[in-house]
file entry.cif (mmCIF, N, CA and C atoms and all ligand atoms)
data_entry
#
loop_
_atom_site.label_atom_id
_atom_site.label_comp_id
_atom_site.auth_asym_id
_atom_site.auth_seq_id
_atom_site.Cartn_x
_atom_site.Cartn_y
_atom_site.Cartn_z
N MET A 1 -24.37 10.65 -4.97
CA MET A 1 -23.43 9.99 -4.04
C MET A 1 -22.11 10.76 -4.01
N PRO A 2 -21.66 11.18 -2.83
CA PRO A 2 -20.34 11.83 -2.78
C PRO A 2 -19.23 10.84 -3.14
N THR A 3 -18.20 11.35 -3.75
CA THR A 3 -17.05 10.49 -4.06
C THR A 3 -16.28 10.18 -2.78
N ILE A 4 -15.43 9.18 -2.87
CA ILE A 4 -14.60 8.83 -1.71
C ILE A 4 -13.71 10.01 -1.33
N PHE A 5 -13.30 10.79 -2.33
CA PHE A 5 -12.45 11.95 -2.01
C PHE A 5 -13.27 13.06 -1.34
N SER A 6 -14.55 13.19 -1.69
CA SER A 6 -15.39 14.17 -0.98
C SER A 6 -15.53 13.78 0.49
N LYS A 7 -15.60 12.48 0.73
CA LYS A 7 -15.70 12.02 2.13
C LYS A 7 -14.40 12.31 2.89
N ILE A 8 -13.27 12.21 2.19
CA ILE A 8 -11.98 12.57 2.83
C ILE A 8 -11.95 14.07 3.10
N VAL A 9 -12.38 14.87 2.11
CA VAL A 9 -12.41 16.33 2.29
C VAL A 9 -13.26 16.70 3.50
N ALA A 10 -14.40 16.02 3.65
CA ALA A 10 -15.32 16.30 4.77
C ALA A 10 -14.89 15.62 6.06
N ARG A 11 -13.79 14.88 5.99
CA ARG A 11 -13.26 14.13 7.15
C ARG A 11 -14.27 13.11 7.69
N GLU A 12 -15.02 12.54 6.75
CA GLU A 12 -15.97 11.48 7.12
C GLU A 12 -15.30 10.11 7.10
N ILE A 13 -14.23 9.98 6.30
CA ILE A 13 -13.43 8.75 6.34
C ILE A 13 -11.97 9.16 6.54
N PRO A 14 -11.16 8.28 7.14
CA PRO A 14 -9.80 8.68 7.49
C PRO A 14 -8.88 8.81 6.28
N ALA A 15 -7.97 9.72 6.38
CA ALA A 15 -6.89 9.89 5.40
C ALA A 15 -5.82 10.71 6.09
N GLU A 16 -4.60 10.58 5.59
CA GLU A 16 -3.50 11.39 6.15
C GLU A 16 -3.45 12.71 5.39
N ILE A 17 -4.21 13.67 5.88
CA ILE A 17 -4.28 14.98 5.23
C ILE A 17 -3.02 15.77 5.58
N VAL A 18 -2.35 16.27 4.54
CA VAL A 18 -1.12 17.04 4.76
C VAL A 18 -1.36 18.54 4.56
N TYR A 19 -2.48 18.88 3.93
CA TYR A 19 -2.80 20.31 3.73
C TYR A 19 -4.29 20.40 3.41
N GLN A 20 -4.94 21.44 3.94
CA GLN A 20 -6.34 21.69 3.57
C GLN A 20 -6.64 23.17 3.74
N ASP A 21 -7.38 23.72 2.79
CA ASP A 21 -7.93 25.07 2.94
C ASP A 21 -9.33 25.07 2.37
N ASP A 22 -9.88 26.25 2.12
CA ASP A 22 -11.29 26.29 1.70
C ASP A 22 -11.49 25.84 0.26
N ARG A 23 -10.43 25.65 -0.50
CA ARG A 23 -10.58 25.25 -1.90
C ARG A 23 -10.06 23.86 -2.23
N VAL A 24 -8.97 23.45 -1.58
CA VAL A 24 -8.35 22.17 -1.93
C VAL A 24 -7.93 21.40 -0.69
N THR A 25 -7.77 20.09 -0.89
CA THR A 25 -7.27 19.20 0.17
C THR A 25 -6.17 18.32 -0.42
N ALA A 26 -5.11 18.11 0.34
CA ALA A 26 -4.01 17.23 -0.08
C ALA A 26 -3.83 16.15 0.97
N PHE A 27 -3.74 14.92 0.50
CA PHE A 27 -3.61 13.79 1.44
C PHE A 27 -2.78 12.68 0.81
N LYS A 28 -2.26 11.77 1.66
CA LYS A 28 -1.40 10.69 1.18
C LYS A 28 -2.21 9.66 0.40
N ASP A 29 -1.66 9.24 -0.74
CA ASP A 29 -2.30 8.16 -1.50
C ASP A 29 -2.23 6.88 -0.68
N ILE A 30 -3.32 6.13 -0.70
CA ILE A 30 -3.41 4.92 0.12
C ILE A 30 -2.50 3.80 -0.41
N HIS A 31 -2.19 3.83 -1.70
CA HIS A 31 -1.29 2.85 -2.32
C HIS A 31 -0.16 3.58 -3.03
N PRO A 32 0.79 4.10 -2.26
CA PRO A 32 1.82 4.95 -2.87
C PRO A 32 2.70 4.20 -3.86
N ILE A 33 3.04 4.86 -4.95
CA ILE A 33 3.95 4.27 -5.95
C ILE A 33 5.30 4.98 -5.93
N ALA A 34 5.50 5.86 -4.98
CA ALA A 34 6.78 6.55 -4.80
C ALA A 34 6.87 6.90 -3.31
N PRO A 35 8.08 7.19 -2.83
CA PRO A 35 8.22 7.52 -1.40
C PRO A 35 7.31 8.68 -0.99
N VAL A 36 7.13 9.64 -1.87
CA VAL A 36 6.13 10.70 -1.64
C VAL A 36 5.05 10.54 -2.71
N HIS A 37 3.83 10.31 -2.28
CA HIS A 37 2.71 10.20 -3.22
C HIS A 37 1.49 10.84 -2.56
N ILE A 38 1.24 12.07 -2.99
CA ILE A 38 0.16 12.88 -2.42
C ILE A 38 -0.89 13.10 -3.51
N LEU A 39 -2.13 13.14 -3.10
CA LEU A 39 -3.22 13.52 -4.01
C LEU A 39 -3.72 14.90 -3.60
N ILE A 40 -3.86 15.78 -4.57
CA ILE A 40 -4.39 17.12 -4.31
C ILE A 40 -5.71 17.21 -5.06
N VAL A 41 -6.78 17.51 -4.32
CA VAL A 41 -8.12 17.49 -4.93
C VAL A 41 -8.83 18.81 -4.67
N PRO A 42 -9.67 19.24 -5.62
CA PRO A 42 -10.56 20.36 -5.30
C PRO A 42 -11.58 19.90 -4.27
N ASN A 43 -11.94 20.78 -3.35
CA ASN A 43 -12.91 20.37 -2.33
C ASN A 43 -14.28 20.10 -2.93
N HIS A 44 -14.60 20.79 -4.02
CA HIS A 44 -15.88 20.49 -4.70
C HIS A 44 -15.61 19.48 -5.81
N GLU A 45 -16.61 18.69 -6.12
CA GLU A 45 -16.42 17.60 -7.06
C GLU A 45 -16.39 18.08 -8.49
N ILE A 46 -15.32 17.69 -9.18
CA ILE A 46 -15.23 17.80 -10.64
C ILE A 46 -14.85 16.39 -11.06
N ALA A 47 -15.65 15.74 -11.90
CA ALA A 47 -15.42 14.32 -12.16
C ALA A 47 -14.10 14.08 -12.89
N THR A 48 -13.90 14.79 -14.00
CA THR A 48 -12.70 14.57 -14.81
C THR A 48 -12.25 15.91 -15.37
N VAL A 49 -11.09 15.90 -16.01
CA VAL A 49 -10.63 17.13 -16.67
C VAL A 49 -11.64 17.56 -17.73
N ASN A 50 -12.34 16.61 -18.33
CA ASN A 50 -13.36 16.96 -19.34
C ASN A 50 -14.50 17.79 -18.76
N ASP A 51 -14.66 17.76 -17.46
CA ASP A 51 -15.77 18.48 -16.81
C ASP A 51 -15.35 19.84 -16.26
N VAL A 52 -14.11 20.21 -16.47
CA VAL A 52 -13.61 21.50 -15.98
C VAL A 52 -14.31 22.64 -16.72
N THR A 53 -14.66 23.70 -15.99
CA THR A 53 -15.26 24.88 -16.61
C THR A 53 -14.42 26.11 -16.24
N PRO A 54 -14.65 27.23 -16.91
CA PRO A 54 -13.91 28.44 -16.55
C PRO A 54 -14.09 28.81 -15.07
N ASP A 55 -15.20 28.46 -14.47
CA ASP A 55 -15.40 28.75 -13.04
C ASP A 55 -14.38 28.04 -12.15
N ASP A 56 -13.76 26.99 -12.68
CA ASP A 56 -12.80 26.20 -11.89
C ASP A 56 -11.37 26.73 -11.98
N GLU A 57 -11.16 27.75 -12.80
CA GLU A 57 -9.78 28.17 -13.08
C GLU A 57 -9.01 28.54 -11.82
N GLN A 58 -9.62 29.28 -10.93
CA GLN A 58 -8.91 29.71 -9.71
C GLN A 58 -8.51 28.51 -8.87
N THR A 59 -9.44 27.59 -8.71
CA THR A 59 -9.15 26.40 -7.89
C THR A 59 -8.06 25.56 -8.53
N LEU A 60 -8.13 25.38 -9.85
CA LEU A 60 -7.14 24.54 -10.52
C LEU A 60 -5.76 25.18 -10.46
N GLY A 61 -5.70 26.49 -10.61
CA GLY A 61 -4.43 27.18 -10.46
C GLY A 61 -3.90 27.07 -9.04
N HIS A 62 -4.82 27.15 -8.10
CA HIS A 62 -4.44 27.04 -6.68
C HIS A 62 -3.85 25.67 -6.38
N MET A 63 -4.32 24.64 -7.11
CA MET A 63 -3.76 23.29 -6.89
C MET A 63 -2.26 23.27 -7.16
N PHE A 64 -1.79 24.05 -8.13
CA PHE A 64 -0.35 24.11 -8.40
C PHE A 64 0.39 24.82 -7.27
N VAL A 65 -0.20 25.88 -6.74
CA VAL A 65 0.43 26.59 -5.62
C VAL A 65 0.55 25.65 -4.42
N VAL A 66 -0.51 24.89 -4.17
CA VAL A 66 -0.49 23.93 -3.05
C VAL A 66 0.51 22.81 -3.33
N ALA A 67 0.58 22.36 -4.58
CA ALA A 67 1.55 21.31 -4.92
C ALA A 67 2.96 21.77 -4.59
N LYS A 68 3.28 23.00 -4.95
CA LYS A 68 4.60 23.55 -4.67
C LYS A 68 4.84 23.61 -3.16
N GLN A 69 3.83 24.07 -2.42
CA GLN A 69 3.98 24.18 -0.96
C GLN A 69 4.17 22.82 -0.31
N VAL A 70 3.38 21.84 -0.75
CA VAL A 70 3.46 20.50 -0.15
C VAL A 70 4.80 19.86 -0.51
N ALA A 71 5.27 20.08 -1.74
CA ALA A 71 6.59 19.55 -2.13
C ALA A 71 7.67 20.13 -1.23
N GLN A 72 7.57 21.39 -0.94
CA GLN A 72 8.55 22.02 -0.02
C GLN A 72 8.41 21.42 1.37
N GLN A 73 7.17 21.33 1.84
CA GLN A 73 6.86 20.80 3.17
C GLN A 73 7.44 19.39 3.35
N LEU A 74 7.38 18.59 2.28
CA LEU A 74 7.82 17.19 2.38
C LEU A 74 9.26 17.00 1.91
N GLY A 75 9.94 18.09 1.60
CA GLY A 75 11.38 18.03 1.35
C GLY A 75 11.79 17.54 -0.02
N ILE A 76 10.91 17.64 -1.02
CA ILE A 76 11.28 17.14 -2.36
C ILE A 76 11.29 18.25 -3.41
N ALA A 77 11.17 19.50 -2.96
CA ALA A 77 11.11 20.59 -3.94
C ALA A 77 12.40 20.66 -4.76
N ASP A 78 13.54 20.52 -4.11
CA ASP A 78 14.81 20.65 -4.83
C ASP A 78 15.17 19.39 -5.60
N SER A 79 14.89 18.23 -5.03
CA SER A 79 15.23 16.98 -5.73
C SER A 79 14.32 16.77 -6.94
N GLY A 80 13.10 17.25 -6.86
CA GLY A 80 12.19 17.19 -8.01
C GLY A 80 11.01 16.28 -7.77
N TYR A 81 10.02 16.48 -8.61
CA TYR A 81 8.78 15.71 -8.45
C TYR A 81 7.98 15.78 -9.74
N ARG A 82 6.94 14.96 -9.81
CA ARG A 82 6.07 14.92 -11.00
C ARG A 82 4.64 15.19 -10.57
N LEU A 83 3.94 16.01 -11.33
CA LEU A 83 2.51 16.26 -11.13
C LEU A 83 1.77 15.61 -12.28
N LEU A 84 0.72 14.86 -11.96
CA LEU A 84 0.08 14.04 -12.98
C LEU A 84 -1.43 14.01 -12.74
N VAL A 85 -2.20 14.16 -13.80
CA VAL A 85 -3.66 14.09 -13.70
C VAL A 85 -4.15 13.10 -14.75
N ASN A 86 -4.84 12.06 -14.34
CA ASN A 86 -5.40 11.09 -15.27
C ASN A 86 -6.82 11.48 -15.64
N CYS A 87 -7.19 11.22 -16.89
CA CYS A 87 -8.56 11.48 -17.34
C CYS A 87 -9.10 10.29 -18.10
N ASN A 88 -10.11 9.65 -17.51
CA ASN A 88 -10.87 8.56 -18.15
C ASN A 88 -10.04 7.29 -18.40
N ALA A 89 -10.61 6.39 -19.16
CA ALA A 89 -10.14 5.00 -19.18
C ALA A 89 -8.71 4.84 -19.68
N ASP A 90 -8.35 5.47 -20.79
CA ASP A 90 -7.00 5.23 -21.34
C ASP A 90 -5.91 5.70 -20.40
N ALA A 91 -6.22 6.66 -19.55
CA ALA A 91 -5.23 7.14 -18.57
C ALA A 91 -5.31 6.34 -17.27
N GLY A 92 -6.32 5.47 -17.17
CA GLY A 92 -6.45 4.64 -15.96
C GLY A 92 -7.07 5.36 -14.78
N GLN A 93 -7.89 6.38 -15.05
CA GLN A 93 -8.53 7.09 -13.93
C GLN A 93 -9.46 6.14 -13.18
N GLU A 94 -9.25 6.07 -11.87
CA GLU A 94 -10.05 5.16 -11.03
C GLU A 94 -11.08 5.90 -10.19
N VAL A 95 -10.72 7.09 -9.75
CA VAL A 95 -11.62 7.85 -8.88
C VAL A 95 -12.09 9.08 -9.65
N PHE A 96 -13.41 9.20 -9.81
CA PHE A 96 -13.96 10.25 -10.66
C PHE A 96 -14.27 11.50 -9.84
N HIS A 97 -13.19 11.99 -9.26
CA HIS A 97 -13.12 13.28 -8.56
C HIS A 97 -11.73 13.78 -8.91
N LEU A 98 -11.67 14.74 -9.79
CA LEU A 98 -10.39 15.21 -10.33
C LEU A 98 -9.34 15.32 -9.24
N HIS A 99 -8.14 14.81 -9.51
CA HIS A 99 -7.06 14.86 -8.52
C HIS A 99 -5.73 14.95 -9.23
N MET A 100 -4.82 15.66 -8.59
CA MET A 100 -3.45 15.78 -9.07
C MET A 100 -2.57 14.90 -8.21
N HIS A 101 -1.83 13.98 -8.84
CA HIS A 101 -0.84 13.18 -8.12
C HIS A 101 0.44 14.01 -8.00
N LEU A 102 1.00 14.05 -6.80
CA LEU A 102 2.31 14.65 -6.55
C LEU A 102 3.23 13.51 -6.16
N LEU A 103 4.20 13.23 -7.05
CA LEU A 103 5.06 12.05 -6.88
C LEU A 103 6.52 12.48 -6.77
N GLY A 104 7.24 11.89 -5.84
CA GLY A 104 8.66 12.21 -5.72
C GLY A 104 9.32 11.38 -4.64
N GLY A 105 10.55 11.77 -4.32
CA GLY A 105 11.30 11.06 -3.30
C GLY A 105 12.24 10.02 -3.87
N ARG A 106 12.20 9.82 -5.19
CA ARG A 106 13.16 8.96 -5.89
C ARG A 106 13.16 9.40 -7.35
N SER A 107 14.15 8.92 -8.10
CA SER A 107 14.15 9.20 -9.53
C SER A 107 12.96 8.49 -10.16
N LEU A 108 12.14 9.22 -10.88
CA LEU A 108 10.87 8.67 -11.39
C LEU A 108 10.98 8.07 -12.79
N GLY A 109 12.13 8.23 -13.41
CA GLY A 109 12.31 7.63 -14.74
C GLY A 109 11.51 8.37 -15.80
N PRO A 110 11.45 7.77 -17.00
CA PRO A 110 10.74 8.45 -18.09
C PRO A 110 9.25 8.58 -17.78
N MET A 111 8.61 9.53 -18.40
CA MET A 111 7.21 9.79 -18.09
C MET A 111 6.32 8.61 -18.45
N LEU A 112 6.61 7.98 -19.60
CA LEU A 112 5.83 6.82 -20.04
C LEU A 112 6.79 5.74 -20.51
N ALA A 113 6.42 4.48 -20.29
CA ALA A 113 7.21 3.39 -20.85
C ALA A 113 6.99 3.38 -22.36
N ARG A 114 8.04 3.15 -23.11
CA ARG A 114 7.90 3.04 -24.57
C ARG A 114 7.27 1.71 -24.93
N ARG A 115 6.49 1.70 -26.00
CA ARG A 115 5.87 0.45 -26.48
C ARG A 115 6.48 0.10 -27.83
N ASP A 116 7.78 -0.27 -27.82
CA ASP A 116 8.47 -0.59 -29.08
C ASP A 116 8.24 -2.04 -29.46
P1 LIG B 201 -6.34 7.60 -10.51
O1 LIG B 201 -5.93 6.30 -11.13
O2 LIG B 201 -5.61 8.78 -11.11
O3 LIG B 201 -7.84 7.80 -10.48
O4 LIG B 201 -5.81 7.53 -9.01
C1 LIG B 201 -6.63 7.23 -7.93
C2 LIG B 201 -5.71 7.12 -6.74
O5 LIG B 201 -6.50 7.22 -5.57
C3 LIG B 201 -4.93 5.82 -6.66
O6 LIG B 201 -3.53 6.11 -6.65
C4 LIG B 201 -5.40 5.20 -5.35
O7 LIG B 201 -4.37 4.53 -4.67
C5 LIG B 201 -5.91 6.42 -4.59
N1 LIG B 201 -6.93 6.17 -3.58
C6 LIG B 201 -8.08 5.48 -3.72
N2 LIG B 201 -8.78 5.48 -2.58
C7 LIG B 201 -8.05 6.20 -1.69
C8 LIG B 201 -8.24 6.56 -0.32
N3 LIG B 201 -9.32 6.18 0.37
N4 LIG B 201 -7.29 7.30 0.27
C9 LIG B 201 -6.18 7.68 -0.39
N5 LIG B 201 -5.96 7.38 -1.68
C10 LIG B 201 -6.86 6.63 -2.33
#
call {"tool": "encode", "arguments": {"input": "entry.cif", "output": "structure tokens"}}
result
Amino acid sequence: MPTIFSKIVAREIPAEIVYQDDRVTAFKDIHPIAPVHILIVPNHEIATVNDVTPDDEQTLGHMFVVAKQVAQQLGIADSGYRLLVNCNADAGQEVFHLHMHLLGGRSLGPMLARRD
């Protein structure tokens, strides 16, 4: 079964795609938690970071280049942004198609809430 993100990559279901090439696709998160919330995904399915192989290195590196370009495109390169990848249950991964969150457009606060 293709993941929901594979269906977005193939344009079988709607999404607000902001960038696409032969390796990666970037689109708006459907439930944004910041004024800018983009997901950058490899076009081919990799379930989690645990499933990454050396063959994926070029694509994963390219995701950072695209993140930088999209941040510039959306006007948050200078103000700043956060790139985040969740892996499995403790990180709250919901969609098992590796994706990088690009978050910005406001001060994002500390990376994690403290549990004191
Ligand atoms: P994660 O918790 O890292 O797996 O994040 C999954 C993200 O995918 C969440 O922020 C969801 O809001 C987002 N998401 C789920 N379905 C869609 C969709 N159809 N289009 C855009 N974003 C989605």
call {"tool": "closest_atom_pairs", "arguments": {"input": "entry.cif", "of": "chain A", "to": "ligand LIG 201 (chain B)", "cutoff": "6.5 Å", "atoms": "all atoms listed in the file", "output": "Markdown table"}}
result
| residue | atom | partner | partner_atom | distance |
| --- | --- | --- | --- | --- |
| A:Ile4 | C | B:LIG201 | N3 | 6.1 |
| A:Pro14 | C | B:LIG201 | N4 | 6.4 |
| A:Ala15 | CA | B:LIG201 | N4 | 5.8 |
| A:Phe27 | C | B:LIG201 | C9 | 6.2 |
| A:Lys28 | C | B:LIG201 | C9 | 4.5 |
| A:Asp29 | CA | B:LIG201 | N5 | 3.7 |
| A:Ile30 | N | B:LIG201 | N5 | 3.1 |
| A:His31 | N | B:LIG201 | O7 | 3.8 |
| A:Pro32 | N | B:LIG201 | O7 | 5.7 |
| A:Val85 | C | B:LIG201 | O2 | 5.8 |
| A:Asn86 | N | B:LIG201 | O2 | 4.7 |
| A:Cys87 | N | B:LIG201 | O2 | 6.5 |
| A:Ala91 | C | B:LIG201 | O1 | 6.2 |
| A:Gly92 | C | B:LIG201 | O1 | 3.9 |
| A:Gln93 | C | B:LIG201 | O3 | 3.6 |
| A:Glu94 | N | B:LIG201 | O3 | 2.6 |
| A:Val95 | N | B:LIG201 | O3 | 3.1 |
| A:Phe96 | N | B:LIG201 | O3 | 5.8 |
| A:His99 | C | B:LIG201 | O2 | 6.5 |
call {"tool": "atom_distance", "arguments": {"input": "entry.cif", "atom1": "CA of Gly80 (chain A)", "atom2": "CA of Gly104 (chain A)"}}
result
6.5 Å
call {"tool": "atom_distance", "arguments": {"input": "entry.cif", "atom1": "atom C of Met100 (chain A)", "atom2": "CA of Ile40 (chain A)"}}
result
4.8 Å
call {"tool": "select_by_dssp", "arguments": {"input": "entry.cif", "residues": "region 33-104 of chain A", "states": "strand (DSSP E or B)", "output": "list in words"}}
result
Val36, His37, Ile38, Leu39, Ile40, Val41, Pro42, Tyr81, Arg82, Leu83, Leu84, Met100, His101, Leu102, Leu103 and Gly104 of chain A
call {"tool": "write_last_selection", "arguments": {"input": "entry.cif", "atoms": "N, CA and C atoms", "output": "compact mmCIF listing (two decimals), in the frame of the given file"}}
result
# COMPACT_ATOMS: atom_id res chain seq x y z
N VAL A 36 7.13 9.64 -1.87
CA VAL A 36 6.13 10.70 -1.64
C VAL A 36 5.05 10.54 -2.71
N HIS A 37 3.83 10.31 -2.28
CA HIS A 37 2.71 10.20 -3.22
C HIS A 37 1.49 10.84 -2.56
N ILE A 38 1.24 12.07 -2.99
CA ILE A 38 0.16 12.88 -2.42
C ILE A 38 -0.89 13.10 -3.51
N LEU A 39 -2.13 13.14 -3.10
CA LEU A 39 -3.22 13.52 -4.01
C LEU A 39 -3.72 14.90 -3.60
N ILE A 40 -3.86 15.78 -4.57
CA ILE A 40 -4.39 17.12 -4.31
C ILE A 40 -5.71 17.21 -5.06
N VAL A 41 -6.78 17.51 -4.32
CA VAL A 41 -8.12 17.49 -4.93
C VAL A 41 -8.83 18.81 -4.67
N PRO A 42 -9.67 19.24 -5.62
CA PRO A 42 -10.56 20.36 -5.30
C PRO A 42 -11.58 19.90 -4.27
N TYR A 81 10.02 16.48 -8.61
CA TYR A 81 8.78 15.71 -8.45
C TYR A 81 7.98 15.78 -9.74
N ARG A 82 6.94 14.96 -9.81
CA ARG A 82 6.07 14.92 -11.00
C ARG A 82 4.64 15.19 -10.57
N LEU A 83 3.94 16.01 -11.33
CA LEU A 83 2.51 16.26 -11.13
C LEU A 83 1.77 15.61 -12.28
N LEU A 84 0.72 14.86 -11.96
CA LEU A 84 0.08 14.04 -12.98
C LEU A 84 -1.43 14.01 -12.74
N MET A 100 -4.82 15.66 -8.59
CA MET A 100 -3.45 15.78 -9.07
C MET A 100 -2.57 14.90 -8.21
N HIS A 101 -1.83 13.98 -8.84
CA HIS A 101 -0.84 13.18 -8.12
C HIS A 101 0.44 14.01 -8.00
N LEU A 102 1.00 14.05 -6.80
CA LEU A 102 2.31 14.65 -6.55
C LEU A 102 3.23 13.51 -6.16
N LEU A 103 4.20 13.23 -7.05
CA LEU A 103 5.06 12.05 -6.88
C LEU A 103 6.52 12.48 -6.77
N GLY A 104 7.24 11.89 -5.84
CA GLY A 104 8.66 12.21 -5.72
C GLY A 104 9.32 11.38 -4.64
call {"tool": "atom_distance", "arguments": {"input": "entry.cif", "atom1": "CA of Ile76 (chain A)", "atom2": "CA of Thr59 (chain A)"}}
result
23.1 Å
call {"tool": "select_by_dssp", "arguments": {"input": "entry.cif", "residues": "chain A", "states": "helix (DSSP H, G or I)", "output": "PyMOL selection string"}}
result
chain A and resi 4-9+49-51+54-73+88-91
call {"tool": "closest_residue", "arguments": {"input": "entry.cif", "among": "A:Leu103, A:Ala10, A:Met1, A:Val70", "to": "Ile33 (chain A)", "atoms": "all atoms listed in the file"}}
result
A:Leu103
call {"tool": "decode", "arguments": {"input": "entry.cif", "residues": "region 66-73 of chain A", "atoms": "all heavy atoms", "output": "PDB file, in the first residue's frame"}}
result
ATOM      1  N   VAL A  66      16.857  21.520  -0.410  1.00  0.00           N
ATOM      2  CA  VAL A  66      15.480  21.944  -0.705  1.00  0.00           C
ATOM      3  C   VAL A  66      14.898  22.712   0.480  1.00  0.00           C
ATOM      4  O   VAL A  66      14.202  23.721   0.299  1.00  0.00           O
ATOM      5  CB  VAL A  66      14.609  20.730  -1.088  1.00  0.00           C
ATOM      6  CG1 VAL A  66      13.132  21.097  -1.148  1.00  0.00           C
ATOM      7  CG2 VAL A  66      15.082  20.164  -2.425  1.00  0.00           C
ATOM      8  N   ALA A  67      15.197  22.274   1.696  1.00  0.00           N
ATOM      9  CA  ALA A  67      14.701  22.993   2.884  1.00  0.00           C
ATOM     10  C   ALA A  67      15.186  24.432   2.858  1.00  0.00           C
ATOM     11  O   ALA A  67      14.417  25.374   3.101  1.00  0.00           O
ATOM     12  CB  ALA A  67      15.165  22.290   4.157  1.00  0.00           C
ATOM     13  N   LYS A  68      16.454  24.622   2.547  1.00  0.00           N
ATOM     14  CA  LYS A  68      17.017  25.971   2.474  1.00  0.00           C
ATOM     15  C   LYS A  68      16.316  26.785   1.392  1.00  0.00           C
ATOM     16  O   LYS A  68      15.944  27.942   1.604  1.00  0.00           O
ATOM     17  CB  LYS A  68      18.514  25.871   2.174  1.00  0.00           C
ATOM     18  CG  LYS A  68      19.208  27.198   2.044  1.00  0.00           C
ATOM     19  CD  LYS A  68      20.587  27.067   1.467  1.00  0.00           C
ATOM     20  CE  LYS A  68      20.536  27.122  -0.050  1.00  0.00           C
ATOM     21  NZ  LYS A  68      21.877  27.295  -0.651  1.00  0.00           N
ATOM     22  N   GLN A  69      16.104  26.170   0.232  1.00  0.00           N
ATOM     23  CA  GLN A  69      15.451  26.883  -0.882  1.00  0.00           C
ATOM     24  C   GLN A  69      14.024  27.263  -0.530  1.00  0.00           C
ATOM     25  O   GLN A  69      13.578  28.378  -0.803  1.00  0.00           O
ATOM     26  CB  GLN A  69      15.436  26.007  -2.135  1.00  0.00           C
ATOM     27  CG  GLN A  69      16.786  25.901  -2.816  1.00  0.00           C
ATOM     28  CD  GLN A  69      16.764  24.887  -3.968  1.00  0.00           C
ATOM     29  OE1 GLN A  69      15.746  24.263  -4.238  1.00  0.00           O
ATOM     30  NE2 GLN A  69      17.888  24.734  -4.622  1.00  0.00           N
ATOM     31  N   VAL A  70      13.292  26.333   0.077  1.00  0.00           N
ATOM     32  CA  VAL A  70      11.887  26.597   0.413  1.00  0.00           C
ATOM     33  C   VAL A  70      11.812  27.662   1.505  1.00  0.00           C
ATOM     34  O   VAL A  70      10.941  28.543   1.475  1.00  0.00           O
ATOM     35  CB  VAL A  70      11.165  25.297   0.824  1.00  0.00           C
ATOM     36  CG1 VAL A  70       9.779  25.588   1.383  1.00  0.00           C
ATOM     37  CG2 VAL A  70      11.059  24.349  -0.375  1.00  0.00           C
ATOM     38  N   ALA A  71      12.730  27.624   2.464  1.00  0.00           N
ATOM     39  CA  ALA A  71      12.756  28.658   3.515  1.00  0.00           C
ATOM     40  C   ALA A  71      12.970  30.026   2.884  1.00  0.00           C
ATOM     41  O   ALA A  71      12.310  31.012   3.271  1.00  0.00           O
ATOM     42  CB  ALA A  71      13.845  28.347   4.534  1.00  0.00           C
ATOM     43  N   GLN A  72      13.841  30.092   1.915  1.00  0.00           N
ATOM     44  CA  GLN A  72      14.063  31.371   1.211  1.00  0.00           C
ATOM     45  C   GLN A  72      12.806  31.780   0.453  1.00  0.00           C
ATOM     46  O   GLN A  72      12.352  32.923   0.515  1.00  0.00           O
ATOM     47  CB  GLN A  72      15.249  31.251   0.254  1.00  0.00           C
ATOM     48  CG  GLN A  72      16.591  31.280   0.976  1.00  0.00           C
ATOM     49  CD  GLN A  72      17.765  30.906   0.063  1.00  0.00           C
ATOM     50  OE1 GLN A  72      17.572  30.330  -1.001  1.00  0.00           O
ATOM     51  NE2 GLN A  72      18.968  31.211   0.515  1.00  0.00           N
ATOM     52  N   GLN A  73      12.239  30.816  -0.268  1.00  0.00           N
ATOM     53  CA  GLN A  73      11.034  31.043  -1.080  1.00  0.00           C
ATOM     54  C   GLN A  73       9.894  31.592  -0.222  1.00  0.00           C
ATOM     55  O   GLN A  73       9.136  32.454  -0.656  1.00  0.00           O
ATOM     56  CB  GLN A  73      10.663  29.691  -1.695  1.00  0.00           C
ATOM     57  CG  GLN A  73       9.539  29.610  -2.677  1.00  0.00           C
ATOM     58  CD  GLN A  73       9.338  28.125  -3.108  1.00  0.00           C
ATOM     59  OE1 GLN A  73      10.278  27.393  -3.336  1.00  0.00           O
ATOM     60  NE2 GLN A  73       8.094  27.703  -3.194  1.00  0.00           N
TER      61      GLN A  73
END
